[in-house]
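Before any comments, here is the structure.
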Amino acid sequence: MIYDVAIIGGGPSGLMAAITASQNGANCILIDKGNKLGRKLAISGGGRCNVTNVLPDEELIDHIPGNGRFLYSAFSIFNNQSIIQFFESLGVALKEEDKGRMFPVSNSAKEVVQVLLNQLDKLNVTTKKDSPVKTIHYGDSTHTVTLNTGENIIARTVIIAVGGKSVPQTGSTGDGYAWAKKAGHTVTDLYPTEVPLTSKEPFIKERVLQGLSLRDIVISVLNPKGKTIKSHRWDIIFTHQGISGPAALRLSQFVVKALKKFKTKEVTVTIDSFPNENEEQVFQKLMKLAKDSPKRAIKTVWKGIVPERYLHFLLEKAGIPLDQTYAHLPNQDVRNVAKLLKAFPIQVNGTLSIEKAFITGGGVSLKEIVPNTMGSKIMPGLYFCGEVLDIHGYTGGFNITAAFSTGHVAGKSAAEYSTTV
Ligand SMILES: Cc1cc2nc3c(=O)[nH]c(=O)nc-3n(C[C@H](O)[C@H](O)[C@H](O)COP(=O)(O)OP(=O)(O)OC[C@H]3O[C@@H](n4cnc5c(N)ncnc54)[C@H](O)[C@@H]3O)c2cc1C
């Protein structure tokens, strides 16, 4: 039997590709190595399944720093609004949360995955689980997908939707890159993105701030000359290895790139606890509080400006005893505290591994992919979608949006192409 479309990988991109190809009249087979489809989708967004993000296309693209502009064509065919309509037409009510993130009203990732699986059934897509693909043999008019068992599946078109290398226990172990290279494609350098930062600073090693969250701060990575390369405003949390939390995750790819670019072992990351005020204003605020209660210890008068643990830590860094009062407080000491509150520097030496990252940066080079079909410019009848491509966004539904969008486009194009061979 020759299938019109063989889709390898049952993540969001592969599931959407299979559904769309089938809706476009193709006889499809979806092959996955695991015993469950959509495993990563089911744990996204804290297990509630962050199906998409409702921001306008332009802003969506801004939130996909890894080649988001490549997605203009795909979004013009199937964007976040299309994803919302797709799920709502299947009876999944969605709700918007902070920063445009869309979740099922049920908060149930299972519901989202189940409707995708129901669609596969309804459209008679052949699904083959527990079937790791070993390799692809490329032919002239058909391609052959060979499973680890030795079984061969022949199809007019093949869609590679096997994801990246991150969180391999979900099945994404980077198998697609070798198949892409075999077809003549370039795979760009792979690196972890959306991943906690690591540091060897004594206060990190000694777990002085472990578990402490700082809300609505600005975290920045600096170049060796002290100039800001990139900043993100949101929350962070100190861990036993470094810094995590959404703002740190967003900064991580810029840390990875800076370490590489400047060939240094460490880069400086700063934390600004008062993004809306400059250093002078913070200094004046501290002075006023201290002056207003001249006989009280500064640990008491400054209580509440930042979390207490952080305040005590910074006062210690500035060499100021916690029970100092205004009467004995040199202006320069207050300036030093203001400086630390505006830009507390931390030497960061890297990130956790690609396996521990939420997303894989790099992938199949987009120079060799047609943006409005997701087809290979090198191998006829070969398509790619999802994280296997050199596309990565911030967490918040942007990667899933890219996966659904590229999956839709690949499925549609592969179905159309299969009728011509
Ligand atoms: C914990 C976590 C939370 C996340 N949260 C968010 C979020 O909030 N927002 C966001 O946008 N993104 C998030 N992501 C990222 C998002 O889930 C992924 O970008 C997305 O799932 C990628 O989809 P995909 O279809 O390309 O690949 P995947 O979802 O990785 O699916 C790939 C599939 O291919 C199969 N496969 C792999 N190799 C083979 C093989 N050799 N043979 C057969 N099958 C194979 C795998 O079993 C798997 O089912 C999160 C990721 C993680 C790990």
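Naming scheme: A, B, ... for chains in displayed order of the structure tokens; residues 1 onward per chain; ligands 1 onward as shown.
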
Neighbours of Ile346 of chain A within 12 Å (only C-alpha atoms; same-chain residues fewer than 5 positions away dropped), as a PyMOL selection string? chain A and resi 197-204+219-222+238+242-243+266-272+340

Within 6 Å of ligand 1: each chain A residue with its shortest pair, only C-alpha atoms and all ligand atoms, as JSON lines:
{"residue": "A:Ile8", "atom": "CA", "partner": "ligand 1", "partner_atom_place_in_ligand_line": "44 (N)", "distance": 5.5}
{"residue": "A:Gly9", "atom": "CA", "partner": "ligand 1", "partner_atom_place_in_ligand_line": "34 (O)", "distance": 3.2}
{"residue": "A:Gly10", "atom": "CA", "partner": "ligand 1", "partner_atom_place_in_ligand_line": "49 (O)", "distance": 4.3}
{"residue": "A:Gly11", "atom": "CA", "partner": "ligand 1", "partner_atom_place_in_ligand_line": "31 (O)", "distance": 3.4}
{"residue": "A:Pro12", "atom": "CA", "partner": "ligand 1", "partner_atom_place_in_ligand_line": "25 (O)", "distance": 4.1}
{"residue": "A:Ser13", "atom": "CA", "partner": "ligand 1", "partner_atom_place_in_ligand_line": "25 (O)", "distance": 3.7}
{"residue": "A:Gly14", "atom": "CA", "partner": "ligand 1", "partner_atom_place_in_ligand_line": "25 (O)", "distance": 5.3}
{"residue": "A:Ile31", "atom": "CA", "partner": "ligand 1", "partner_atom_place_in_ligand_line": "43 (C)", "distance": 5.6}
{"residue": "A:Asp32", "atom": "CA", "partner": "ligand 1", "partner_atom_place_in_ligand_line": "44 (N)", "distance": 3.5}
{"residue": "A:Lys33", "atom": "CA", "partner": "ligand 1", "partner_atom_place_in_ligand_line": "43 (C)", "distance": 3.9}
{"residue": "A:Gly34", "atom": "CA", "partner": "ligand 1", "partner_atom_place_in_ligand_line": "47 (O)", "distance": 4.9}
{"residue": "A:Leu37", "atom": "CA", "partner": "ligand 1", "partner_atom_place_in_ligand_line": "49 (O)", "distance": 5.4}
{"residue": "A:Gly38", "atom": "CA", "partner": "ligand 1", "partner_atom_place_in_ligand_line": "49 (O)", "distance": 5.6}
{"residue": "A:Lys40", "atom": "CA", "partner": "ligand 1", "partner_atom_place_in_ligand_line": "29 (O)", "distance": 4.7}
{"residue": "A:Leu41", "atom": "CA", "partner": "ligand 1", "partner_atom_place_in_ligand_line": "17 (O)", "distance": 4.9}
{"residue": "A:Ile43", "atom": "CA", "partner": "ligand 1", "partner_atom_place_in_ligand_line": "1 (C)", "distance": 5.4}
{"residue": "A:Ser44", "atom": "CA", "partner": "ligand 1", "partner_atom_place_in_ligand_line": "5 (N)", "distance": 3.5}
{"residue": "A:Gly45", "atom": "CA", "partner": "ligand 1", "partner_atom_place_in_ligand_line": "8 (O)", "distance": 3.6}
{"residue": "A:Asn50", "atom": "CA", "partner": "ligand 1", "partner_atom_place_in_ligand_line": "8 (O)", "distance": 5.2}
{"residue": "A:Ser131", "atom": "CA", "partner": "ligand 1", "partner_atom_place_in_ligand_line": "43 (C)", "distance": 6.0}
{"residue": "A:Pro132", "atom": "CA", "partner": "ligand 1", "partner_atom_place_in_ligand_line": "42 (N)", "distance": 3.7}
{"residue": "A:Val133", "atom": "CA", "partner": "ligand 1", "partner_atom_place_in_ligand_line": "42 (N)", "distance": 3.8}
{"residue": "A:Lys134", "atom": "CA", "partner": "ligand 1", "partner_atom_place_in_ligand_line": "41 (N)", "distance": 5.9}
{"residue": "A:Ala161", "atom": "CA", "partner": "ligand 1", "partner_atom_place_in_ligand_line": "26 (O)", "distance": 5.5}
{"residue": "A:Val162", "atom": "CA", "partner": "ligand 1", "partner_atom_place_in_ligand_line": "34 (O)", "distance": 3.4}
{"residue": "A:Gly163", "atom": "CA", "partner": "ligand 1", "partner_atom_place_in_ligand_line": "27 (O)", "distance": 3.4}
{"residue": "A:Gly164", "atom": "CA", "partner": "ligand 1", "partner_atom_place_in_ligand_line": "30 (O)", "distance": 5.9}
{"residue": "A:Val167", "atom": "CA", "partner": "ligand 1", "partner_atom_place_in_ligand_line": "53 (C)", "distance": 5.3}
{"residue": "A:Gly171", "atom": "CA", "partner": "ligand 1", "partner_atom_place_in_ligand_line": "47 (O)", "distance": 3.5}
{"residue": "A:Ser172", "atom": "CA", "partner": "ligand 1", "partner_atom_place_in_ligand_line": "37 (C)", "distance": 4.4}
{"residue": "A:Thr173", "atom": "CA", "partner": "ligand 1", "partner_atom_place_in_ligand_line": "38 (N)", "distance": 5.8}
{"residue": "A:Asp175", "atom": "CA", "partner": "ligand 1", "partner_atom_place_in_ligand_line": "41 (N)", "distance": 5.2}
{"residue": "A:Phe358", "atom": "CA", "partner": "ligand 1", "partner_atom_place_in_ligand_line": "53 (C)", "distance": 4.5}
{"residue": "A:Ile359", "atom": "CA", "partner": "ligand 1", "partner_atom_place_in_ligand_line": "15 (C)", "distance": 5.6}
{"residue": "A:Gly386", "atom": "CA", "partner": "ligand 1", "partner_atom_place_in_ligand_line": "26 (O)", "distance": 3.3}
{"residue": "A:Glu387", "atom": "CA", "partner": "ligand 1", "partner_atom_place_in_ligand_line": "26 (O)", "distance": 3.8}
{"residue": "A:Val388", "atom": "CA", "partner": "ligand 1", "partner_atom_place_in_ligand_line": "26 (O)", "distance": 5.9}
{"residue": "A:Thr395", "atom": "CA", "partner": "ligand 1", "partner_atom_place_in_ligand_line": "9 (N)", "distance": 3.9}
{"residue": "A:Gly396", "atom": "CA", "partner": "ligand 1", "partner_atom_place_in_ligand_line": "9 (N)", "distance": 4.1}
{"residue": "A:Gly397", "atom": "CA", "partner": "ligand 1", "partner_atom_place_in_ligand_line": "11 (O)", "distance": 3.2}
{"residue": "A:Phe398", "atom": "CA", "partner": "ligand 1", "partner_atom_place_in_ligand_line": "11 (O)", "distance": 3.9}
{"residue": "A:Asn399", "atom": "CA", "partner": "ligand 1", "partner_atom_place_in_ligand_line": "11 (O)", "distance": 3.4}
{"residue": "A:Ile400", "atom": "CA", "partner": "ligand 1", "partner_atom_place_in_ligand_line": "11 (O)", "distance": 4.2}
{"residue": "A:Ala403", "atom": "CA", "partner": "ligand 1", "partner_atom_place_in_ligand_line": "23 (O)", "distance": 5.3}

Any idea what the distance is between atom CA of Pro380 of chain A and atom CA of Lys181 of chain A?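 Distance reported for this atom pair: 14.5 Å.
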
Distance query segment 85-88 of chain A at most 12 Å, only C-alpha atoms, self and fewer than 5 positions along chain excluded, as an MDAnalysis selection string: chainID A and resid 16 19:20 51:52 54 78:80 93:95 102:105 111:116 119 404:405 408

When you count only C-alpha atoms, which of these residues is closest to Met287 of chain A: A:Leu322, A:Ile236, A:Leu352, A:Val301? A:Val301

Can you measure atom CA of Tyr326 of chain A to atom CA of Lys299 of chain A for me? One decimal in Å is fine. 10.9 Å

Going by DSSP on the backbone, which residues of segment 283-389 of chain A come out as strand (DSSP E)? List them as a PyMOL selection string. chain A and resi 344-348+350-351+359-361+382-384

Produce a file of the selected residues containing all heavy atoms, as an mmCIF file, in the first residue's frame.
data_model
loop_
_atom_site.group_PDB
_atom_site.id
_atom_site.type_symbol
_atom_site.label_atom_id
_atom_site.label_comp_id
_atom_site.auth_asym_id
_atom_site.auth_seq_id
_atom_site.Cartn_x
_atom_site.Cartn_y
_atom_site.Cartn_z
ATOM 1 N N PHE A 344 21.710 44.723 40.268
ATOM 2 C CA PHE A 344 22.492 43.754 41.027
ATOM 3 C C PHE A 344 23.163 42.801 40.030
ATOM 4 O O PHE A 344 22.480 42.113 39.270
ATOM 5 C CB PHE A 344 21.603 42.996 42.017
ATOM 6 C CG PHE A 344 22.336 41.865 42.676
ATOM 7 C CD1 PHE A 344 23.514 42.099 43.369
ATOM 8 C CD2 PHE A 344 21.872 40.566 42.583
ATOM 9 C CE1 PHE A 344 24.220 41.054 43.948
ATOM 10 C CE2 PHE A 344 22.561 39.511 43.159
ATOM 11 C CZ PHE A 344 23.739 39.759 43.850
ATOM 12 N N PRO A 345 24.513 42.779 39.979
ATOM 13 C CA PRO A 345 25.192 41.963 38.962
ATOM 14 C C PRO A 345 25.420 40.517 39.412
ATOM 15 O O PRO A 345 25.789 40.275 40.554
ATOM 16 C CB PRO A 345 26.532 42.685 38.795
ATOM 17 C CG PRO A 345 26.788 43.342 40.113
ATOM 18 C CD PRO A 345 25.467 43.554 40.808
ATOM 19 N N ILE A 346 25.182 39.601 38.506
ATOM 20 C CA ILE A 346 25.422 38.175 38.783
ATOM 21 C C ILE A 346 26.231 37.619 37.615
ATOM 22 O O ILE A 346 25.884 37.848 36.450
ATOM 23 C CB ILE A 346 24.074 37.404 38.881
ATOM 24 C CG1 ILE A 346 23.184 38.011 39.961
ATOM 25 C CG2 ILE A 346 24.315 35.915 39.147
ATOM 26 C CD1 ILE A 346 21.762 37.490 39.938
ATOM 27 N N GLN A 347 27.296 36.910 37.935
ATOM 28 C CA GLN A 347 28.069 36.247 36.875
ATOM 29 C C GLN A 347 27.369 34.930 36.533
ATOM 30 O O GLN A 347 27.181 34.084 37.400
ATOM 31 C CB GLN A 347 29.510 35.983 37.339
ATOM 32 C CG GLN A 347 30.323 37.237 37.583
ATOM 33 C CD GLN A 347 30.278 38.195 36.395
ATOM 34 O OE1 GLN A 347 30.599 37.812 35.282
ATOM 35 N NE2 GLN A 347 29.850 39.437 36.636
ATOM 36 N N VAL A 348 26.996 34.797 35.262
ATOM 37 C CA VAL A 348 26.273 33.603 34.817
ATOM 38 C C VAL A 348 27.189 32.840 33.873
ATOM 39 O O VAL A 348 27.796 33.426 32.971
ATOM 40 C CB VAL A 348 24.957 34.033 34.124
ATOM 41 C CG1 VAL A 348 24.362 32.907 33.300
ATOM 42 C CG2 VAL A 348 23.957 34.519 35.175
ATOM 43 N N GLY A 350 26.278 29.940 32.138
ATOM 44 C CA GLY A 350 25.608 29.137 31.111
ATOM 45 C C GLY A 350 24.176 28.854 31.487
ATOM 46 O O GLY A 350 23.537 29.652 32.192
ATOM 47 N N THR A 351 23.709 27.717 31.017
ATOM 48 C CA THR A 351 22.315 27.319 31.271
ATOM 49 C C THR A 351 22.304 25.818 31.562
ATOM 50 O O THR A 351 23.312 25.144 31.378
ATOM 51 C CB THR A 351 21.434 27.557 30.027
ATOM 52 O OG1 THR A 351 21.877 26.648 28.994
ATOM 53 C CG2 THR A 351 21.496 28.979 29.521
ATOM 54 N N ILE A 359 12.700 24.372 25.149
ATOM 55 C CA ILE A 359 12.711 24.426 23.687
ATOM 56 C C ILE A 359 14.133 24.223 23.162
ATOM 57 O O ILE A 359 15.096 24.645 23.792
ATOM 58 C CB ILE A 359 12.245 25.823 23.176
ATOM 59 C CG1 ILE A 359 11.071 26.390 23.998
ATOM 60 C CG2 ILE A 359 11.927 25.803 21.689
ATOM 61 C CD1 ILE A 359 9.738 25.793 23.757
ATOM 62 N N THR A 360 14.214 23.651 21.959
ATOM 63 C CA THR A 360 15.497 23.516 21.274
ATOM 64 C C THR A 360 15.658 24.676 20.292
ATOM 65 O O THR A 360 14.794 24.877 19.432
ATOM 66 C CB THR A 360 15.531 22.181 20.488
ATOM 67 O OG1 THR A 360 15.400 21.115 21.429
ATOM 68 C CG2 THR A 360 16.828 22.016 19.712
ATOM 69 N N GLY A 361 16.763 25.405 20.438
ATOM 70 C CA GLY A 361 17.083 26.438 19.457
ATOM 71 C C GLY A 361 17.836 25.798 18.297
ATOM 72 O O GLY A 361 18.511 24.789 18.477
ATOM 73 N N LEU A 382 9.149 16.078 0.373
ATOM 74 C CA LEU A 382 9.563 16.067 1.783
ATOM 75 C C LEU A 382 9.171 17.391 2.428
ATOM 76 O O LEU A 382 9.409 18.461 1.855
ATOM 77 C CB LEU A 382 11.080 15.862 1.887
ATOM 78 C CG LEU A 382 11.653 15.867 3.315
ATOM 79 C CD1 LEU A 382 11.105 14.705 4.138
ATOM 80 C CD2 LEU A 382 13.185 15.812 3.288
ATOM 81 N N TYR A 383 8.561 17.304 3.616
ATOM 82 C CA TYR A 383 8.058 18.489 4.328
ATOM 83 C C TYR A 383 8.525 18.440 5.785
ATOM 84 O O TYR A 383 8.785 17.357 6.322
ATOM 85 C CB TYR A 383 6.522 18.525 4.278
ATOM 86 C CG TYR A 383 6.011 18.678 2.864
ATOM 87 C CD1 TYR A 383 5.966 17.575 1.999
ATOM 88 C CD2 TYR A 383 5.626 19.914 2.359
ATOM 89 C CE1 TYR A 383 5.546 17.710 0.683
ATOM 90 C CE2 TYR A 383 5.196 20.063 1.048
ATOM 91 C CZ TYR A 383 5.168 18.964 0.220
ATOM 92 O OH TYR A 383 4.757 19.102 -1.083
ATOM 93 N N PHE A 384 8.608 19.614 6.388
ATOM 94 C CA PHE A 384 8.991 19.708 7.807
ATOM 95 C C PHE A 384 7.991 20.619 8.519
ATOM 96 O O PHE A 384 7.478 21.568 7.916
ATOM 97 C CB PHE A 384 10.381 20.341 7.954
ATOM 98 C CG PHE A 384 11.501 19.513 7.383
ATOM 99 C CD1 PHE A 384 11.878 19.666 6.045
ATOM 100 C CD2 PHE A 384 12.173 18.601 8.168
ATOM 101 C CE1 PHE A 384 12.915 18.911 5.517
ATOM 102 C CE2 PHE A 384 13.216 17.840 7.644
ATOM 103 C CZ PHE A 384 13.585 17.991 6.315
#

Determine the nearest neighbour of Thr264 of chain A from the options A:Asn349, A:Gly245, A:Arg207, A:Pro330, counting only C-alpha atoms. A:Asn349

What are the nearest atom pairs, with distances in Å to one decimal, for all residues of segment 183-259 of chain A that come at most 10 Å from segment 304-310 of chain A, using only C-alpha atoms, set out by chain and rising residue number as CSV?
residue,atom,partner,partner_atom,distance
A:Val208,CA,A:Arg309,CA,8.9
A:Leu209,CA,A:Arg309,CA,7.3
A:Leu212,CA,A:Arg309,CA,7.8
A:Ser213,CA,A:Pro307,CA,8.4
A:Leu214,CA,A:Pro307,CA,7.5
A:Arg215,CA,A:Val306,CA,9.3

Go ahead and dump the residues you just picked, all heavy atoms, as a JSON list (two decimals), in the first residue's frame.
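Saved as again_13.json:
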[["chain", "number", "residue", "atom", "x", "y", "z"],
["A", 208, "VAL", "N", 21.77, 30.92, 49.29],
["A", 208, "VAL", "CA", 21.34, 32.02, 50.16],
["A", 208, "VAL", "C", 19.94, 32.51, 49.76],
["A", 208, "VAL", "O", 19.12, 32.83, 50.62],
["A", 208, "VAL", "CB", 22.36, 33.19, 50.07],
["A", 208, "VAL", "CG1", 21.90, 34.37, 50.90],
["A", 208, "VAL", "CG2", 23.74, 32.72, 50.51],
["A", 209, "LEU", "N", 19.69, 32.58, 48.45],
["A", 209, "LEU", "CA", 18.39, 33.12, 48.00],
["A", 209, "LEU", "C", 17.49, 32.03, 47.39],
["A", 209, "LEU", "O", 16.46, 32.34, 46.81],
["A", 209, "LEU", "CB", 18.61, 34.23, 46.97],
["A", 209, "LEU", "CG", 19.35, 35.48, 47.46],
["A", 209, "LEU", "CD1", 19.55, 36.47, 46.32],
["A", 209, "LEU", "CD2", 18.59, 36.16, 48.60],
["A", 212, "LEU", "N", 13.59, 32.11, 46.41],
["A", 212, "LEU", "CA", 13.06, 33.49, 46.48],
["A", 212, "LEU", "C", 12.63, 33.97, 45.10],
["A", 212, "LEU", "O", 13.39, 33.89, 44.14],
["A", 212, "LEU", "CB", 14.13, 34.44, 47.04],
["A", 212, "LEU", "CG", 13.71, 35.91, 47.08],
["A", 212, "LEU", "CD1", 12.67, 36.16, 48.16],
["A", 212, "LEU", "CD2", 14.92, 36.81, 47.30],
["A", 213, "SER", "N", 11.40, 34.49, 45.01],
["A", 213, "SER", "CA", 10.90, 35.04, 43.73],
["A", 213, "SER", "C", 10.98, 36.55, 43.77],
["A", 213, "SER", "O", 10.68, 37.16, 44.80],
["A", 213, "SER", "CB", 9.43, 34.67, 43.52],
["A", 213, "SER", "OG", 9.31, 33.29, 43.41],
["A", 214, "LEU", "N", 11.36, 37.15, 42.66],
["A", 214, "LEU", "CA", 11.29, 38.61, 42.51],
["A", 214, "LEU", "C", 10.30, 38.87, 41.39],
["A", 214, "LEU", "O", 10.46, 38.34, 40.28],
["A", 214, "LEU", "CB", 12.66, 39.20, 42.17],
["A", 214, "LEU", "CG", 13.77, 39.01, 43.20],
["A", 214, "LEU", "CD1", 15.06, 39.65, 42.69],
["A", 214, "LEU", "CD2", 13.38, 39.63, 44.55],
["A", 215, "ARG", "N", 9.28, 39.67, 41.66],
["A", 215, "ARG", "CA", 8.21, 39.89, 40.68],
["A", 215, "ARG", "C", 8.43, 41.19, 39.92],
["A", 215, "ARG", "O", 8.87, 42.18, 40.51],
["A", 215, "ARG", "CB", 6.86, 39.97, 41.39],
["A", 215, "ARG", "CG", 6.59, 38.81, 42.31],
["A", 215, "ARG", "CD", 5.44, 37.95, 41.80],
["A", 215, "ARG", "NE", 5.27, 36.81, 42.68],
["A", 215, "ARG", "CZ", 5.53, 35.56, 42.33],
["A", 215, "ARG", "NH1", 5.95, 35.27, 41.12],
["A", 215, "ARG", "NH2", 5.35, 34.56, 43.18]]

Excluding Phe254 of chain A and residues on its chain fewer than 4 positions from it, collect all residues at most 9 Å away from it, counting only C-alpha atoms, and give them as an MDAnalysis selection string. chainID A and resid 193 221 229:230 250 258:259

Which is closer to Gly363 of chain A than all the others in A:Thr186, A:Asn24, A:Thr325, A:Ser166, using only C-alpha atoms? A:Thr186

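Residue nearest Lys182 of chain A, chosen from A:Ile136, A:Val256, A:Leu55, A:Leu123 and counting only C-alpha atoms: A:Ile136.
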
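Using only C-alpha atoms for every distance, the candidate list A:His143, A:Lys227, A:Asp216, A:His63 yields A:Asp216 as the residue closest to Ala248 of chain A.
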
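When only C-alpha atoms are used to compute distances to Thr401 of chain A, the closest of the residues A:Val282, A:Leu315, A:Ile2, A:Ile84 turns out to be A:Ile84.
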
Which of segment 129-190 of chain A fall in alpha helix (DSSP H), as a ChimeraX atom specification: /A:176-182

Residues near segment 331-333 of chain A, anyone? I mean within 10 Å using only C-alpha atoms, not counting same-chain ones fewer than 6 positions away, as a compact mmCIF listing (two decimals) with N, CA and C atoms, in the first residue's frame.
# COMPACT_ATOMS: atom_id res chain seq x y z
N PHE A 283 17.42 56.22 45.15
CA PHE A 283 18.22 56.78 46.24
C PHE A 283 17.37 57.74 47.09
N MET A 287 16.36 57.49 51.00
CA MET A 287 16.72 58.56 51.92
C MET A 287 15.49 59.06 52.67
N LEU A 315 21.79 44.50 51.57
CA LEU A 315 22.42 45.33 52.61
C LEU A 315 23.75 44.72 53.03
N ALA A 318 26.24 45.46 50.46
CA ALA A 318 26.69 46.86 50.53
C ALA A 318 27.49 47.12 51.81
N GLY A 319 27.60 46.11 52.66
CA GLY A 319 28.37 46.24 53.89
C GLY A 319 27.69 47.10 54.93
N ILE A 320 26.34 47.11 54.94
CA ILE A 320 25.62 47.96 55.90
C ILE A 320 24.96 47.07 56.97
N LYS A 339 22.12 51.51 43.95
CA LYS A 339 22.81 50.92 42.79
C LYS A 339 22.51 49.42 42.68

Write out as a PyMOL selection string each polymer residue whose atoms come within 10 Å of Ala183 of chain A, counting only C-alpha atoms; drop sequence neighbours fewer than 4 positions from it. chain A and resi 136-138+177-179+376+378-380+382

Which residues come within 10 Å of segment 25-27 of chain A, counting only C-alpha atoms, excluding same-chain residues fewer than 3 positions away, as a list in words?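 Result of the neighbour search: Ile2, Tyr3, Asp4, Val5, Ala6, Ala18, Ile19, Thr20, Ala21, Ser22, Leu123, Asn124, Val125, Thr126, Ala155, Gly411, Lys412, Ala414, Ala415, Glu416, Tyr417, Ser418 and Thr419 of chain A.
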